[in-house]
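Chemist: Supplied structure: run.pdb, PDB, C-alpha atoms.
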```
ATOM      1  CA  GLY A  76     -36.290 -51.341  77.159
ATOM      2  CA  VAL A  77     -34.701 -47.966  77.288
ATOM      3  CA  THR A  78     -31.470 -49.012  75.632
ATOM      4  CA  LYS A  79     -33.262 -50.518  72.675
ATOM      5  CA  ARG A  80     -35.366 -47.375  72.352
ATOM      6  CA  ASN A  81     -32.274 -45.110  72.426
ATOM      7  CA  VAL A  82     -30.644 -47.214  69.737
ATOM      8  CA  LEU A  83     -33.746 -46.830  67.596
ATOM      9  CA  ILE A  84     -33.851 -43.054  68.181
ATOM     10  CA  THR A  85     -30.167 -42.770  67.275
ATOM     11  CA  ALA A  86     -30.712 -44.786  64.107
ATOM     12  CA  LEU A  87     -33.664 -42.641  63.102
ATOM     13  CA  HIS A  88     -31.631 -39.514  63.835
ATOM     14  CA  ASP A  89     -28.741 -40.719  61.701
ATOM     15  CA  LYS A  90     -31.112 -41.753  58.910
ATOM     16  CA  LEU A  91     -32.742 -38.322  58.959
ATOM     17  CA  HIS A  92     -29.333 -36.634  58.722
ATOM     18  CA  SER A  93     -28.389 -38.903  55.828
ATOM     19  CA  THR A  94     -31.688 -38.198  54.071
ATOM     20  CA  ILE A  95     -31.238 -34.457  54.513
ATOM     21  CA  ALA A  96     -27.641 -34.638  53.285
ATOM     22  CA  ALA A  97     -28.653 -36.676  50.242
ATOM     23  CA  ARG A  98     -31.496 -34.270  49.509
ATOM     24  CA  LYS A  99     -29.173 -31.274  49.817
ATOM     25  CA  LYS A 100     -26.750 -32.876  47.364
ATOM     26  CA  THR A 101     -29.573 -33.622  44.921
ATOM     27  CA  LEU A 102     -30.792 -30.047  45.141
ATOM     28  CA  ALA A 103     -27.245 -28.695  44.766
ATOM     29  CA  ASP A 104     -26.685 -30.898  41.713
ATOM     30  CA  ALA A 105     -30.032 -29.798  40.263
ATOM     31  CA  HIS A 106     -29.072 -26.167  40.851
ATOM     32  CA  ASP A 107     -25.751 -26.701  39.068
ATOM     33  CA  MET A 108     -27.520 -28.395  36.170
ATOM     34  CA  GLN A 109     -30.033 -25.572  35.806
ATOM     35  CA  GLN A 110     -27.207 -23.039  36.005
ATOM     36  CA  VAL A 111     -25.392 -24.726  33.117
ATOM     37  CA  PHE A 112     -28.614 -24.972  31.102
ATOM     38  CA  LEU A 113     -29.443 -21.285  31.667
ATOM     39  CA  TRP A 114     -25.878 -20.258  30.860
ATOM     40  CA  CYS A 115     -25.883 -22.222  27.612
ATOM     41  CA  SER A 116     -29.359 -20.951  26.697
ATOM     42  CA  TYR A 117     -28.304 -17.333  27.220
ATOM     43  CA  LEU A 118     -25.132 -17.705  25.152
ATOM     44  CA  HIS A 119     -27.047 -19.567  22.416
ATOM     45  CA  SER A 120     -29.519 -16.694  22.249
ATOM     46  CA  TRP A 121     -26.693 -14.173  22.111
ATOM     47  CA  ALA A 122     -24.975 -16.115  19.301
ATOM     48  CA  LYS A 123     -28.217 -16.209  17.277
ATOM     49  CA  ASP A 124     -28.645 -12.464  17.701
ATOM     50  CA  MET A 125     -25.052 -11.844  16.607
ATOM     51  CA  THR A 126     -25.603 -14.114  13.599
ATOM     52  CA  LYS A 127     -28.580 -11.990  12.533
ATOM     53  CA  ARG A 128     -26.522  -8.810  12.928
ATOM     54  CA  ILE A 129     -23.747 -10.215  10.740
ATOM     55  CA  GLU A 130     -26.131 -11.472   8.063
ATOM     56  CA  SER A 131     -28.069  -8.188   7.974
ATOM     57  CA  GLN A 132     -25.043  -6.315   6.610
ATOM     58  CA  GLN A 133     -25.205  -5.392   2.921
ATOM     59  CA  LEU A 134     -22.385  -5.000   0.423
ATOM     60  CA  ALA A 135     -21.337  -1.409  -0.280
ATOM     61  CA  ASN A 136     -21.403   0.371  -3.639
ATOM     62  CA  ASP A 137     -18.331   2.579  -3.193
ATOM     63  CA  THR A 138     -14.956   2.352  -1.490
ATOM     64  CA  THR A 139     -15.805   4.766   1.334
ATOM     65  CA  SER A 140     -18.876   2.765   2.325
ATOM     66  CA  ALA A 141     -16.945  -0.482   1.888
ATOM     67  CA  ASN A 142     -14.257   0.722   4.299
ATOM     68  CA  ASP A 143     -16.956   1.756   6.789
ATOM     69  CA  LEU A 144     -18.556  -1.676   6.446
ATOM     70  CA  ILE A 145     -15.271  -3.411   7.222
ATOM     71  CA  THR A 146     -14.837  -1.193  10.287
ATOM     72  CA  THR A 147     -18.344  -2.029  11.505
ATOM     73  CA  HIS A 148     -17.734  -5.728  10.876
ATOM     74  CA  GLY A 149     -14.538  -5.488  12.900
ATOM     75  CA  LYS A 150     -16.508  -4.069  15.831
ATOM     76  CA  LEU A 151     -18.788  -7.114  15.711
ATOM     77  CA  ARG A 152     -15.700  -9.305  16.038
ATOM     78  CA  SER A 153     -14.664  -7.297  19.090
ATOM     79  CA  GLU A 154     -18.042  -8.094  20.636
ATOM     80  CA  ILE A 155     -17.574 -11.780  19.826
ATOM     81  CA  ASP A 156     -14.107 -11.784  21.373
ATOM     82  CA  ALA A 157     -15.440 -10.009  24.468
ATOM     83  CA  ARG A 158     -17.774 -12.989  25.049
ATOM     84  CA  LYS A 159     -14.997 -15.547  24.739
ATOM     85  CA  ASP A 160     -14.419 -15.766  28.504
ATOM     86  CA  SER A 161     -18.140 -16.326  29.137
ATOM     87  CA  PHE A 162     -18.159 -19.226  26.685
ATOM     88  CA  GLU A 163     -15.020 -20.721  28.238
ATOM     89  CA  GLU A 164     -16.475 -20.424  31.752
ATOM     90  CA  ALA A 165     -19.645 -22.212  30.624
ATOM     91  CA  PHE A 166     -17.583 -24.974  28.995
ATOM     92  CA  ASP A 167     -15.358 -25.367  32.056
ATOM     93  CA  PHE A 168     -18.263 -25.479  34.501
ATOM     94  CA  GLY A 169     -20.141 -28.055  32.423
ATOM     95  CA  GLU A 170     -17.072 -30.235  32.005
ATOM     96  CA  LYS A 171     -16.353 -29.987  35.733
ATOM     97  CA  LEU A 172     -19.814 -31.362  36.534
ATOM     98  CA  ILE A 173     -19.355 -34.141  33.996
ATOM     99  CA  ALA A 174     -16.000 -35.063  35.570
ATOM    100  CA  GLN A 175     -17.764 -35.249  38.959
ATOM    101  CA  LYS A 176     -20.205 -37.838  37.527
ATOM    102  CA  HIS A 177     -23.194 -35.498  37.757
ATOM    103  CA  PHE A 178     -26.515 -37.329  37.429
ATOM    104  CA  ALA A 179     -27.317 -35.272  34.287
ATOM    105  CA  SER A 180     -23.877 -35.675  32.689
ATOM    106  CA  ASP A 181     -25.274 -36.762  29.308
ATOM    107  CA  GLU A 182     -27.615 -33.779  29.078
ATOM    108  CA  ILE A 183     -24.892 -31.380  30.219
ATOM    109  CA  GLN A 184     -22.461 -32.821  27.651
ATOM    110  CA  ALA A 185     -25.043 -32.296  24.901
ATOM    111  CA  LYS A 186     -25.579 -28.662  25.956
ATOM    112  CA  VAL A 187     -21.840 -27.963  26.102
ATOM    113  CA  ASP A 188     -21.217 -29.603  22.708
ATOM    114  CA  ALA A 189     -24.072 -27.645  21.099
ATOM    115  CA  LEU A 190     -22.817 -24.370  22.534
ATOM    116  CA  ARG A 191     -19.260 -25.079  21.396
ATOM    117  CA  ALA A 192     -20.553 -25.760  17.878
ATOM    118  CA  ALA A 193     -22.608 -22.537  17.944
ATOM    119  CA  GLN A 194     -19.530 -20.530  18.910
ATOM    120  CA  ALA A 195     -17.451 -22.131  16.130
ATOM    121  CA  ASP A 196     -20.202 -21.512  13.558
ATOM    122  CA  LEU A 197     -20.471 -17.868  14.591
ATOM    123  CA  ILE A 198     -16.740 -17.262  14.232
ATOM    124  CA  ALA A 199     -16.703 -19.065  10.863
ATOM    125  CA  LEU A 200     -19.625 -16.926   9.657
ATOM    126  CA  TRP A 201     -17.905 -13.715  10.749
ATOM    127  CA  GLU A 202     -14.722 -14.794   8.935
ATOM    128  CA  ALA A 203     -16.636 -15.643   5.743
ATOM    129  CA  TYR A 204     -18.212 -12.187   5.685
ATOM    130  CA  ARG A 205     -14.842 -10.536   6.417
ATOM    131  CA  VAL A 206     -13.357 -12.180   3.335
ATOM    132  CA  ILE A 207     -16.319 -11.184   1.179
ATOM    133  CA  PHE A 208     -16.226  -7.577   2.392
ATOM    134  CA  GLU A 209     -12.505  -7.328   1.656
ATOM    135  CA  GLN A 210     -13.073  -8.921  -1.737
ATOM    136  CA  SER A 211     -15.798  -6.369  -2.444
ATOM    137  CA  LEU A 212     -13.512  -3.506  -1.417
ATOM    138  CA  ASP A 213     -10.806  -4.744  -3.785
ATOM    139  CA  ALA A 214     -13.332  -4.964  -6.615
ATOM    140  CA  LEU A 215     -14.593  -1.432  -5.944
ATOM    141  CA  ARG A 216     -11.046  -0.092  -5.802
ATOM    142  CA  LEU A 217     -10.308  -1.809  -9.111
ATOM    143  CA  ARG A 218     -13.421  -0.292 -10.672
ATOM    144  CA  GLU A 219     -12.572   3.219  -9.476
ATOM    145  CA  GLU A 220      -8.911   2.934 -10.487
ATOM    146  CA  SER A 221      -9.915   1.559 -13.893
ATOM    147  CA  GLN A 222     -12.371   4.387 -14.487
ATOM    148  CA  LEU A 223      -9.757   7.013 -13.609
ATOM    149  CA  THR A 224      -7.124   5.302 -15.734
ATOM    150  CA  ASP A 225      -9.484   4.917 -18.687
ATOM    151  CA  GLY A 226     -10.109   8.650 -18.608
ATOM    152  CA  TRP A 227      -6.426   9.443 -18.328
ATOM    153  CA  LEU A 228      -5.490   7.142 -21.221
ATOM    154  CA  ALA A 229      -8.285   8.456 -23.419
ATOM    155  CA  ALA A 230      -7.142  12.036 -22.882
ATOM    156  CA  HIS A 231      -3.531  11.294 -23.729
ATOM    157  CA  GLU A 232      -4.394   9.073 -26.684
ATOM    158  CA  ALA A 233      -6.344  11.992 -28.099
ATOM    159  CA  VAL A 234      -3.188  14.084 -27.978
ATOM    160  CA  PHE A 235      -1.265  11.499 -29.967
ATOM    161  CA  ALA A 236      -4.098  11.056 -32.398
ATOM    162  CA  LYS A 237      -3.589  14.596 -33.653
ATOM    163  CA  GLN A 238      -1.350  14.767 -36.688
ATOM    164  CA  SER A 239       1.771  16.793 -35.946
ATOM    165  CA  SER A 240       3.762  18.631 -38.551
ATOM    166  CA  LEU A 241       7.235  17.259 -39.270
ATOM    167  CA  ASP A 242       8.098  19.768 -41.968
ATOM    168  CA  SER A 243      11.057  21.322 -40.156
ATOM    169  CA  ILE A 244      13.740  20.500 -37.631
ATOM    170  CA  ASP A 245      11.866  22.617 -35.114
ATOM    171  CA  ASP A 246       8.751  20.515 -35.685
ATOM    172  CA  VAL A 247      10.710  17.295 -35.136
ATOM    173  CA  LEU A 248      12.363  18.646 -31.993
ATOM    174  CA  ALA A 249       9.002  19.804 -30.652
ATOM    175  CA  ASN A 250       7.524  16.356 -31.224
ATOM    176  CA  MET A 251      10.502  14.712 -29.564
ATOM    177  CA  GLU A 252      10.032  16.983 -26.548
ATOM    178  CA  LYS A 253       6.332  16.141 -26.460
ATOM    179  CA  LEU A 254       7.152  12.426 -26.540
ATOM    180  CA  LYS A 255       9.667  12.845 -23.724
ATOM    181  CA  ASP A 256       7.050  14.636 -21.630
ATOM    182  CA  MET A 257       4.600  11.838 -22.321
ATOM    183  CA  GLU A 258       7.133   9.232 -21.194
ATOM    184  CA  LYS A 259       7.642  11.145 -17.936
ATOM    185  CA  THR A 260       3.876  11.415 -17.423
ATOM    186  CA  LEU A 261       3.418   7.711 -18.109
ATOM    187  CA  ALA A 262       6.207   6.830 -15.673
ATOM    188  CA  ALA A 263       4.516   8.957 -13.012
ATOM    189  CA  GLN A 264       1.361   6.848 -13.477
ATOM    190  CA  GLU A 265       3.138   3.495 -12.956
ATOM    191  CA  ASP A 266       1.918   3.235  -9.358
ATOM    192  CA  ARG A 267      -1.655   3.453 -10.597
ATOM    193  CA  PHE A 268      -1.094   0.786 -13.246
ATOM    194  CA  GLU A 269       0.616  -1.432 -10.652
ATOM    195  CA  ARG A 270      -2.367  -1.045  -8.315
ATOM    196  CA  ILE A 271      -4.668  -2.079 -11.135
ATOM    197  CA  ARG A 272      -2.542  -5.152 -11.905
ATOM    198  CA  ARG A 273      -2.440  -6.095  -8.218
ATOM    199  CA  LEU A 274      -6.160  -5.554  -7.683
ATOM    200  CA  THR A 275      -6.991  -7.453 -10.874
ATOM    201  CA  LYS A 276      -4.948 -10.425  -9.697
ATOM    202  CA  LYS A 277      -6.572 -10.380  -6.238
ATOM    203  CA  THR A 278     -10.046 -10.128  -7.744
ATOM    204  CA  GLU A 279      -9.350 -13.070 -10.066
ATOM    205  CA  GLU A 280      -8.074 -15.132  -7.129
ATOM    206  CA  HIS A 281     -11.189 -14.299  -5.094
ATOM    207  CA  THR A 282     -13.431 -15.194  -8.001
ATOM    208  CA  SER A 283     -11.829 -18.615  -8.435
ATOM    209  CA  GLU A 284     -11.439 -19.550  -4.761
ATOM    210  CA  LEU A 285     -14.231 -17.968  -2.695
ATOM    211  CA  GLN A 286     -17.919 -18.646  -2.268
ATOM    212  CA  SER A 287     -20.040 -15.698  -1.186
ATOM    213  CA  PRO A 288     -22.380 -16.167   1.797
ATOM    214  CA  TYR A 289     -24.881 -14.060  -0.145
ATOM    215  CA  ASN A 290     -25.363 -16.864  -2.674
TER     216      ASN A 290
END
```
As C-alpha cells - that is how I would like this structure written.
Modeler:
Amino acid sequence: GVTKRNVLITALHDKLHSTIAARKKTLADAHDMQQVFLWCSYLHSWAKDMTKRIESQQLANDTTSANDLITTHGKLRSEIDARKDSFEEAFDFGEKLIAQKHFASDEIQAKVDALRAAQADLIALWEAYRVIFEQSLDALRLREESQLTDGWLAAHEAVFAKQSSLDSIDDVLANMEKLKDMEKTLAAQEDRFERIRRLTKKTEEHTSELQSPYN
C-alpha cells in the first residue's frame, strides 16, 4: 500500500539525486578537461609565434647593429620568462587532474607532455640564437679591430721603410729617439693587440664547437 509506495518514491528521489550528482561531476570533469586543453592550445600557439619571432631575426653587419640585435633578443627572453608562471600553472593543473584519476587522464598527460616539450624547445632555440649572435658580434669586433690595426701597422711600417741617414752622431741619436718613440707607441697599442688575440681565440673556438641555426 502506502508504505510500499513511499519507499518507491524515496528510492526514486535518491536515484534522481545520485544521477544529478554524477552528471554534475561528469560536467565538472569535462569542464576541467576543456580548460586544460584550451590552456595548452593557447600556450602552444604563443610558443609557435615566439619561435617565428626568434627565427625571423637576421645577423648584423656591424658591431652597433649586432649589439642592438643582442638587446632585442634579450627582450624576447624576458617575454619567455614572463610566461613561465602560466606554463607552470598549466602543468600543475593538468597533473592535479591526472592525480585525481580524471576520466581523460591519458589525453591530459599527452597535452601536458607536448606543452612541456614545446617550452623546452623554445628555450633551447632562444639559447642557440643567443650563442650565434654573440659569436657574430665577436667576429665583427675582430674584423673592425683587425682593419684598424692593419692601417696602424701599415702607417708605421712605412715610416721604418724610409732610409734614414746614419752619417753623424746626431743622425744616430735621432734614429734612436725615433725608435724609442715607436716602442712607446707600440706599447700603447698592446690592449688592441690583446683584444685581437682574445677575439681570434674566441672565434676559433666558436668555429670548431658551434653549429649555426641558420645552416
Chemist: For atom CA of A:Lys100 and atom CA of A:Lys171, determine how far apart the two atoms are, in Å to one decimal place.
Modeler: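 That distance, rounded to one decimal, is 15.9 Å.
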Chemist: Just the number, please: distance in Å from atom CA of A:Glu130 to atom CA of A:Phe112, one decimal.
Modeler: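 Spanning atom CA of A:Glu130 to atom CA of A:Phe112 is a straight-line distance of 26.8 Å.
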Chemist: Since I can't run it myself right now, could you work out what the PyMOL selection byres ((chain A and resi 168) around 12) selects here and report it as JSON, numbers by chain?
Modeler: {"A": [107, 108, 109, 110, 111, 112, 114, 115, 161, 162, 163, 164, 165, 166, 167, 169, 170, 171, 172, 173, 174, 175, 177, 180, 183, 184, 186, 187]}
Chemist: Pick from A:Ile198, A:Ala249, A:Lys79, A:Ala103: nearest to A:Asp156, with all atoms listed in the file counted?
Modeler: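 That would be A:Ile198, the residue with the smallest distance to A:Asp156.
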Chemist: Quick one: distance from atom CA of A:Ile207 to atom CA of A:Ser120 in Å, one decimal?
Modeler: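 Going from atom CA of A:Ile207 over to atom CA of A:Ser120 covers 25.5 Å.
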Chemist: When you count all atoms listed in the file, which of these residues is closest to A:Trp201: A:Leu87, A:Leu113, A:Thr147, A:Ala97?
Modeler: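 Among the listed residues, the smallest separation from A:Trp201 belongs to A:Thr147.
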Chemist: Find the residues around A:Ile145 up to 9 Å (all atoms listed in the file counted), leave out those fewer than 3 positions away in its own chain, and share them as a list of chain:residue names.
Modeler: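 Residues near the query, excluding close chain neighbours: A:Ser140, A:Ala141, A:Asn142, A:His148, A:Gly149, A:Lys150, A:Arg205, A:Phe208, A:Glu209, A:Leu212.
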Chemist: Please list as a list in words every residue within 12 Å of A:Arg128, counting only C-alpha atoms and excluding residues in the same chain fewer than 2 positions away.
Modeler: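 With the cut-off at 12 Å, the set is Trp121, Ala122, Lys123, Asp124, Met125, Thr126, Glu130, Ser131, Gln132, Gln133, Thr147, His148, Lys150, Leu151, Arg152, Glu154, Ile155, Leu197, Leu200, Trp201 and Tyr204 of chain A.
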Chemist: Those residues you just picked out, can you put them in a file as a PDB file, keeping the file's coordinate frame with C-alpha atoms?
Modeler:
```pdb
ATOM      1  CA  TRP A 121     -26.693 -14.173  22.111  1.00  0.00           C
ATOM      2  CA  ALA A 122     -24.975 -16.115  19.301  1.00  0.00           C
ATOM      3  CA  LYS A 123     -28.217 -16.209  17.277  1.00  0.00           C
ATOM      4  CA  ASP A 124     -28.645 -12.464  17.701  1.00  0.00           C
ATOM      5  CA  MET A 125     -25.052 -11.844  16.607  1.00  0.00           C
ATOM      6  CA  THR A 126     -25.603 -14.114  13.599  1.00  0.00           C
ATOM      7  CA  GLU A 130     -26.131 -11.472   8.063  1.00  0.00           C
ATOM      8  CA  SER A 131     -28.069  -8.188   7.974  1.00  0.00           C
ATOM      9  CA  GLN A 132     -25.043  -6.315   6.610  1.00  0.00           C
ATOM     10  CA  GLN A 133     -25.205  -5.392   2.921  1.00  0.00           C
ATOM     11  CA  THR A 147     -18.344  -2.029  11.505  1.00  0.00           C
ATOM     12  CA  HIS A 148     -17.734  -5.728  10.876  1.00  0.00           C
ATOM     13  CA  LYS A 150     -16.508  -4.069  15.831  1.00  0.00           C
ATOM     14  CA  LEU A 151     -18.788  -7.114  15.711  1.00  0.00           C
ATOM     15  CA  ARG A 152     -15.700  -9.305  16.038  1.00  0.00           C
ATOM     16  CA  GLU A 154     -18.042  -8.094  20.636  1.00  0.00           C
ATOM     17  CA  ILE A 155     -17.574 -11.780  19.826  1.00  0.00           C
ATOM     18  CA  LEU A 197     -20.471 -17.868  14.591  1.00  0.00           C
ATOM     19  CA  LEU A 200     -19.625 -16.926   9.657  1.00  0.00           C
ATOM     20  CA  TRP A 201     -17.905 -13.715  10.749  1.00  0.00           C
ATOM     21  CA  TYR A 204     -18.212 -12.187   5.685  1.00  0.00           C
TER      22      TYR A 204
END
```
Chemist: When the PyMOL selection byres ((chain A and resi 138) around 10) is applied to the structure above, which residues does it catch, written out as a list in words?
Modeler: Ala135, Asn136, Asp137, Thr139, Ser140, Ala141, Asn142, Asp143, Leu144, Ser211, Leu212, Asp213, Ala214, Leu215, Arg216, Leu217, Arg218 and Glu219 of chain A
